[in-house]
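S.K.: Below is the file data.tsv, with TSV, C-alpha atoms.
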```tsv
chain	number	residue	atom	x	y	z
A	29	MET	CA	21.62	4.99	11.95
A	30	THR	CA	18.49	3.04	12.90
A	31	GLY	CA	15.32	3.45	14.88
A	32	LYS	CA	12.34	5.78	14.74
A	33	SER	CA	12.56	9.54	14.39
A	34	GLU	CA	10.14	11.99	15.91
A	35	PRO	CA	8.54	14.32	13.37
A	36	LYS	CA	9.72	17.88	13.13
A	37	SER	CA	7.27	20.74	13.19
A	38	GLN	CA	5.84	21.21	9.73
A	39	GLY	CA	2.74	23.00	8.56
A	40	SER	CA	0.12	24.27	10.97
A	41	VAL	CA	-1.96	22.38	13.45
A	42	ALA	CA	-5.09	24.11	14.65
A	43	THR	CA	-5.52	24.73	18.36
A	44	ASP	CA	-9.00	25.14	19.78
A	45	ASP	CA	-9.99	28.67	20.65
A	46	PRO	CA	-10.76	28.58	24.40
A	47	ASN	CA	-13.46	31.22	23.99
A	48	GLN	CA	-17.02	31.32	22.75
A	49	TYR	CA	-18.60	34.38	21.19
A	50	MET	CA	-21.97	36.10	21.13
A	51	ALA	CA	-23.12	38.99	18.93
A	52	ASP	CA	-25.12	41.79	20.56
A	53	THR	CA	-27.20	43.84	18.09
A	54	HIS	CA	-28.81	46.13	20.66
A	55	CYS	CA	-27.51	49.19	18.77
A	56	ARG	CA	-29.61	48.40	15.70
A	57	ALA	CA	-31.60	51.33	14.32
A	58	ASP	CA	-34.94	50.04	15.62
A	59	GLY	CA	-33.56	48.64	18.85
A	60	PRO	CA	-34.55	49.70	22.36
A	61	ASP	CA	-31.06	50.85	23.31
A	62	THR	CA	-30.22	53.31	20.55
A	63	LYS	CA	-29.78	56.00	23.23
A	64	ASP	CA	-26.98	53.99	24.80
A	65	PRO	CA	-23.92	56.31	24.78
A	66	GLY	CA	-21.87	53.35	23.63
A	67	CYS	CA	-23.94	53.12	20.48
A	68	ASP	CA	-23.24	56.76	19.58
A	69	ALA	CA	-19.53	55.99	19.41
A	70	LEU	CA	-19.97	53.16	16.92
A	71	GLU	CA	-20.16	54.05	13.25
A	72	CYS	CA	-20.98	51.86	10.29
A	73	PRO	CA	-20.87	54.09	7.21
A	74	ALA	CA	-22.40	52.95	3.95
A	75	THR	CA	-20.08	50.88	1.80
A	76	ALA	CA	-21.33	52.41	-1.48
A	77	PRO	CA	-22.51	55.90	-2.49
A	78	GLY	CA	-26.17	56.25	-1.62
A	79	GLY	CA	-26.17	52.99	0.30
A	80	GLU	CA	-27.62	52.31	3.70
A	81	GLU	CA	-25.55	52.61	6.85
A	82	GLY	CA	-24.81	49.41	8.66
A	83	THR	CA	-25.66	48.25	12.14
A	84	PRO	CA	-22.81	47.85	14.65
A	85	VAL	CA	-22.49	44.55	16.42
A	86	ILE	CA	-20.85	44.39	19.83
A	87	TRP	CA	-19.24	40.97	20.20
A	88	LYS	CA	-19.00	39.34	23.60
A	89	GLU	CA	-16.61	36.58	24.64
A	90	ALA	CA	-16.42	34.08	27.47
A	91	PRO	CA	-14.53	30.85	28.21
A	92	LYS	CA	-16.11	27.78	26.62
A	93	ALA	CA	-15.61	25.78	29.79
A	94	ILE	CA	-18.00	27.94	31.82
A	95	THR	CA	-21.75	27.34	31.76
A	96	ASN	CA	-23.85	30.51	31.88
A	97	PRO	CA	-20.72	32.70	31.84
A	98	GLY	CA	-20.37	36.38	32.48
A	99	TRP	CA	-19.73	37.86	29.05
A	100	THR	CA	-17.09	40.52	28.40
A	101	ASP	CA	-16.57	42.71	25.35
A	102	TRP	CA	-14.43	41.22	22.62
A	103	ILE	CA	-12.10	43.98	21.44
A	104	PRO	CA	-11.79	43.93	17.65
A	105	VAL	CA	-8.62	44.93	15.84
A	106	SER	CA	-10.23	47.77	13.91
A	107	GLY	CA	-13.59	49.11	15.02
A	108	PRO	CA	-16.94	47.36	15.41
A	109	THR	CA	-18.33	44.61	13.26
A	110	CYS	CA	-20.88	46.21	10.97
A	111	LEU	CA	-23.77	44.25	9.49
A	112	TYR	CA	-25.37	45.52	6.31
A	113	ASP	CA	-28.80	43.93	6.28
A	114	PRO	CA	-32.35	45.12	6.99
A	115	GLU	CA	-32.55	42.43	9.69
A	116	PRO	CA	-29.07	42.42	11.23
A	117	GLU	CA	-30.13	40.17	14.10
A	118	ASN	CA	-30.91	37.43	11.57
A	119	VAL	CA	-27.96	37.63	9.19
A	120	LEU	CA	-25.40	35.96	11.47
A	121	PRO	CA	-27.57	32.88	12.14
A	122	LYS	CA	-28.25	32.62	8.42
A	123	ILE	CA	-24.52	32.66	7.65
A	124	ALA	CA	-23.90	30.07	10.36
A	125	ALA	CA	-26.54	27.81	8.83
A	126	ARG	CA	-24.84	27.75	5.42
A	127	ILE	CA	-21.14	28.21	6.21
A	128	LEU	CA	-20.34	24.48	6.10
A	129	THR	CA	-21.78	24.22	2.59
A	130	ASP	CA	-19.71	27.22	1.46
A	131	PHE	CA	-16.62	25.74	3.15
A	132	ARG	CA	-16.98	22.48	1.25
A	133	GLN	CA	-17.27	24.28	-2.08
A	134	LEU	CA	-13.96	26.14	-1.74
A	135	PRO	CA	-10.93	25.14	-3.86
A	136	VAL	CA	-8.93	23.98	-0.83
A	137	ASN	CA	-5.64	22.33	-1.82
A	138	PRO	CA	-5.12	19.01	0.00
A	139	GLY	CA	-1.36	19.40	-0.28
A	140	ASN	CA	1.26	17.26	-1.96
A	141	LEU	CA	2.04	13.65	-1.10
A	142	GLN	CA	5.77	12.97	-1.06
A	143	ALA	CA	7.64	9.67	-0.80
A	144	GLN	CA	11.27	8.80	-0.15
A	145	PRO	CA	12.59	6.98	-2.17
A	146	PHE	CA	10.43	7.87	-5.18
A	147	PRO	CA	9.29	6.66	-7.67
A	148	HIS	CA	11.14	3.40	-6.96
A	149	THR	CA	11.39	1.86	-3.52
A	150	LEU	CA	12.47	-1.49	-2.12
A	151	LYS	CA	10.42	-4.42	-0.88
A	152	GLY	CA	10.93	-4.89	2.84
A	153	GLY	CA	12.44	-1.47	3.38
A	154	PRO	CA	10.78	1.65	4.85
A	155	THR	CA	9.32	4.17	2.44
A	156	ASN	CA	8.94	7.56	4.08
A	157	PHE	CA	5.67	9.30	3.20
A	158	TYR	CA	4.85	12.87	4.16
A	159	THR	CA	2.48	15.66	3.18
A	160	THR	CA	3.28	19.31	2.52
A	161	THR	CA	0.34	21.63	3.11
A	162	ASN	CA	-0.51	24.86	4.91
A	163	ASP	CA	-3.34	27.00	6.24
A	164	GLN	CA	-5.39	28.51	3.42
A	165	THR	CA	-7.51	31.63	3.59
A	166	PHE	CA	-10.45	32.77	1.47
A	167	ASP	CA	-12.48	35.97	1.32
A	168	LEU	CA	-16.14	35.44	0.44
A	169	THR	CA	-19.27	37.53	0.20
A	170	ILE	CA	-22.20	35.81	1.89
A	171	LEU	CA	-25.57	37.53	2.24
A	172	GLY	CA	-23.90	40.86	1.53
A	173	GLN	CA	-21.29	40.45	4.28
A	174	THR	CA	-17.54	39.98	3.93
A	175	VAL	CA	-16.55	36.60	5.33
A	176	HIS	CA	-12.91	35.66	5.91
A	177	LEU	CA	-12.50	31.89	6.12
A	178	THR	CA	-9.41	29.95	7.20
A	179	ALA	CA	-8.94	26.23	6.42
A	180	THR	CA	-6.38	24.49	8.67
A	181	PRO	CA	-5.01	20.98	8.01
A	182	THR	CA	-5.35	18.89	11.17
A	183	ASN	CA	-5.34	15.19	10.26
A	184	TYR	CA	-4.02	12.93	7.52
A	185	THR	CA	-5.04	9.48	6.32
A	186	TYR	CA	-2.45	7.73	4.16
A	187	THR	CA	-3.54	5.07	1.67
A	188	PHE	CA	-0.55	3.07	0.45
A	189	GLY	CA	-2.22	1.15	-2.38
A	190	ASP	CA	-1.57	-2.34	-1.00
A	191	GLY	CA	-4.70	-2.51	1.12
A	192	THR	CA	-3.21	-0.80	4.17
A	193	THR	CA	-3.78	2.69	5.55
A	194	LEU	CA	-2.41	4.91	8.29
A	195	GLY	CA	-4.56	7.41	10.15
A	196	PRO	CA	-6.29	9.60	10.71
A	197	THR	CA	-3.16	10.98	12.33
A	198	PRO	CA	-2.10	14.55	13.16
A	199	ALA	CA	1.37	13.71	11.82
A	200	ALA	CA	1.98	15.25	8.40
A	201	GLY	CA	5.38	13.56	8.29
A	202	TYR	CA	8.59	15.20	7.20
A	203	SER	CA	11.52	14.86	4.80
A	204	ILE	CA	14.61	12.91	5.86
A	205	PRO	CA	18.13	12.93	4.34
A	206	GLU	CA	18.80	10.45	1.55
A	207	THR	CA	21.39	8.70	3.70
A	208	GLU	CA	18.58	7.66	6.07
A	209	TRP	CA	16.08	6.36	3.51
A	210	LEU	CA	16.94	2.67	3.83
A	211	ASN	CA	17.16	2.32	7.61
A	212	ASN	CA	15.12	5.09	9.25
A	213	GLN	CA	11.46	4.38	9.91
A	214	THR	CA	9.39	7.49	10.69
A	215	ARG	CA	5.88	7.70	12.12
A	216	THR	CA	4.47	7.93	8.58
A	217	SER	CA	6.69	5.32	6.92
A	218	HIS	CA	5.33	2.19	5.25
A	219	ILE	CA	6.94	-1.13	4.38
A	220	TYR	CA	5.75	-2.91	1.24
A	221	THR	CA	5.92	-6.68	1.54
A	222	GLU	CA	5.45	-7.50	-2.15
A	223	THR	CA	6.87	-6.10	-5.35
A	224	GLY	CA	4.57	-4.30	-7.76
A	225	ASN	CA	3.15	-0.91	-8.66
A	226	TYR	CA	0.98	0.73	-6.02
A	227	GLN	CA	-1.24	3.82	-6.08
A	228	ALA	CA	-0.63	5.90	-2.94
A	229	ALA	CA	-2.61	8.94	-1.80
A	230	VAL	CA	-3.37	10.98	1.29
A	231	THR	CA	-6.65	12.44	2.51
A	232	THR	CA	-6.20	15.71	4.40
A	233	SER	CA	-8.84	16.75	6.92
A	234	PHE	CA	-9.29	20.50	7.37
A	235	THR	CA	-11.02	22.33	10.17
A	236	GLY	CA	-12.32	25.82	9.49
A	237	THR	CA	-13.00	29.13	11.15
A	238	TYR	CA	-14.72	32.19	9.74
A	239	SER	CA	-15.18	35.80	10.70
A	240	VAL	CA	-17.90	38.16	9.51
A	241	ASN	CA	-16.86	41.73	8.73
A	242	ASN	CA	-13.73	41.55	10.93
A	243	GLY	CA	-15.52	39.83	13.78
A	244	PRO	CA	-14.00	37.09	15.95
A	245	PRO	CA	-13.07	33.67	14.53
A	246	LEU	CA	-16.11	31.40	14.68
A	247	PRO	CA	-15.75	27.62	14.32
A	248	ILE	CA	-17.18	25.61	11.44
A	249	ASN	CA	-18.71	22.57	13.07
A	250	ASP	CA	-17.41	19.86	10.77
A	251	THR	CA	-14.37	19.01	8.69
A	252	LEU	CA	-13.52	19.11	5.02
A	253	ASP	CA	-11.76	15.97	3.75
A	254	ILE	CA	-9.88	16.16	0.44
A	255	THR	CA	-7.80	13.44	-1.21
A	256	THR	CA	-4.71	14.11	-3.30
A	257	PRO	CA	-4.21	12.61	-6.75
A	258	THR	CA	-2.54	9.20	-6.52
A	259	LYS	CA	1.16	8.65	-7.01
A	260	THR	CA	2.51	5.41	-8.44
A	261	ILE	CA	5.07	3.72	-6.20
A	262	HIS	CA	7.19	1.07	-7.96
A	263	VAL	CA	8.30	-1.51	-5.43
A	264	TRP	CA	11.36	-3.53	-6.44
A	265	LYS	CA	13.43	-6.24	-4.82
A	266	THR	CA	17.22	-6.48	-4.77
A	267	GLU	CA	19.30	-9.41	-5.95
A	268	ARG	CA	23.05	-9.97	-5.73
A	269	ALA	CA	25.36	-11.94	-7.98
A	270	LEU	CA	29.05	-12.19	-8.84
A	271	VAL	CA	29.80	-11.17	-12.40
A	272	ALA	CA	33.03	-11.25	-14.34
A	273	ASP	CA	32.36	-8.42	-16.78
A	274	THR	CA	30.98	-4.92	-16.66
A	275	CYS	CA	28.03	-4.00	-18.85
A	276	GLN	CA	30.41	-2.09	-21.13
A	277	GLU	CA	32.56	-5.18	-21.57
A	278	ASN	CA	29.62	-7.56	-21.96
A	279	PRO	CA	26.17	-5.97	-22.50
A	280	ASN	CA	24.60	-9.40	-21.98
A	281	SER	CA	26.13	-9.84	-18.54
A	282	TRP	CA	23.77	-10.50	-15.59
A	283	GLY	CA	22.05	-7.37	-14.33
A	284	CYS	CA	22.72	-5.26	-17.40
A	285	PRO	CA	19.82	-3.35	-18.98
A	286	GLY	CA	17.72	-5.56	-21.19
A	287	THR	CA	18.85	-8.84	-19.66
A	288	GLU	CA	16.68	-11.19	-17.65
A	289	SER	CA	17.44	-11.80	-14.00
A	290	ARG	CA	18.54	-15.31	-13.15
```
What is this file in structure tokens?
M.R.:
Amino acid sequence: MTGKSEPKSQGSVATDDPNQYMADTHCRADGPDTKDPGCDALECPATAPGGEEGTPVIWKEAPKAITNPGWTDWIPVSGPTCLYDPEPENVLPKIAARILTDFRQLPVNPGNLQAQPFPHTLKGGPTNFYTTTNDQTFDLTILGQTVHLTATPTNYTYTFGDGTTLGPTPAAGYSIPETEWLNNQTRTSHIYTETGNYQAAVTTSFTGTYSVNNGPPLPINDTLDITTPTKTIHVWKTERALVADTCQENPNSWGCPGTESR
């Protein structure tokens, strides 16, 4: 079996949310619209005994593609978003200003780099590389608010150790049967042209979204790039010869362990 194989679905690839969001804090305690009947129906009880009640936030959504859109209410899964801060109108912008820094400090796992064959492969033959990774979620407390953050792997850059790279590419690669290792070149395969020991790695790029107190998923406007530890790939070459004896019959026969190649 020869030729290129198309990658199977593996892991998660982020899709852009078509909507944009806006937080309306008009129900805040000192706001002009506290007599709005809609505000009376929203409750943000204190989270600790003797604590202050929160301020409900009414989220609005609209398609990103529309300039100056007409906003509609975003319907949360469980009640309003409550902000617990003396200045609720300021806490969301403050979180937005620091969320990238918090994102880049998280212990996000870049995944595992796999190679087939491994750890030994052949000069001139395809070595199939692929990465196993998944979405990762984290719950943080930022400025007194509960922030749920999701890191999604979206691109991969393979470094093969011989001066060549592949990517960034959305292809994570995938495992293939052993019977296909020597003659099946995938989208993330690499062919080494010289024997030797090479240090291979992959850098995974993550996009992120975050929600504040069960609010809608807000984008983090940059990526997090993390590189895996290197793996040593031993590249060998094959030689053929006719021999009269097996290694059991003659331990010094050509190709037996401990003998020099001719």
S.K.: Pick from A:Gly172, A:Gly139, A:Pro279, A:Gly224: nearest to A:Asp190, with only C-alpha atoms counted?
M.R.: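 Looking at the shortest contact to A:Asp190, the residue is A:Gly224.
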S.K.: Between atom CA of A:Ile248 and atom CA of A:Pro84, what is the spacing in Å?
M.R.: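 Distance reported for this atom pair: 23.2 Å.
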S.K.: Within 9 Å of stretch 217-223 of chain A, counting only C-alpha atoms, which residues show up once you throw out same-chain ones fewer than 5 positions away? Write them as a PyMOL selection string, please.
M.R.: chain A and resi 143+149-158+188+190+194+201+212+262-265
S.K.: Could you check the closest approach to A:Thr129 for each of A:Thr178, A:Ser203, A:Thr274, A:Thr251 and tell me which residue wins, using all atoms listed in the file?
M.R.: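 Nearest candidate to A:Thr129 out of A:Thr178, A:Ser203, A:Thr274, A:Thr251: A:Thr251.
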S.K.: To one decimal place, how far is atom CA of A:Glu277 from atom CA of A:His148 in Å?
M.R.: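 Spanning atom CA of A:Glu277 to atom CA of A:His148 is a straight-line distance of 27.3 Å.
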S.K.: If you count only C-alpha atoms, which residues fall within 12 Å of stretch 160-162 of chain A, apart from same-chain ones fewer than 4 positions away, as an MDAnalysis selection string?
M.R.: chainID A and resid 37:42 136:143 178:184 199:203 230:234 254 256
S.K.: So what do you get for atom CA of A:Asp113 versus atom CA of A:Leu134, distance-wise?
M.R.: 24.5 Å
S.K.: Which of these residues is nearest to A:Phe131, using all atoms listed in the file: A:Val175, A:Leu70, A:Leu111, A:Ala93?
M.R.: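 Smallest separation from A:Phe131 among the options: A:Val175.
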S.K.: Which residue gives the smallest distance to A:Leu252 among A:Leu128, A:Ile94, A:Cys55, A:Ile204, with all atoms listed in the file counted?
M.R.: A:Leu128
S.K.: Would you please work out which residue, of A:Thr100, A:Thr83, A:Thr174, A:Thr207, is nearest to A:Asn242 when using all atoms listed in the file?
M.R.: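 Checking each candidate against A:Asn242, we get A:Thr174 as the closest.
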S.K.: Nearest residue to A:Thr109 out of A:Cys72, A:Leu210, A:Leu246, A:Leu168, using only C-alpha atoms?
M.R.: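 The shortest atom-to-atom distance to A:Thr109 comes from A:Cys72.
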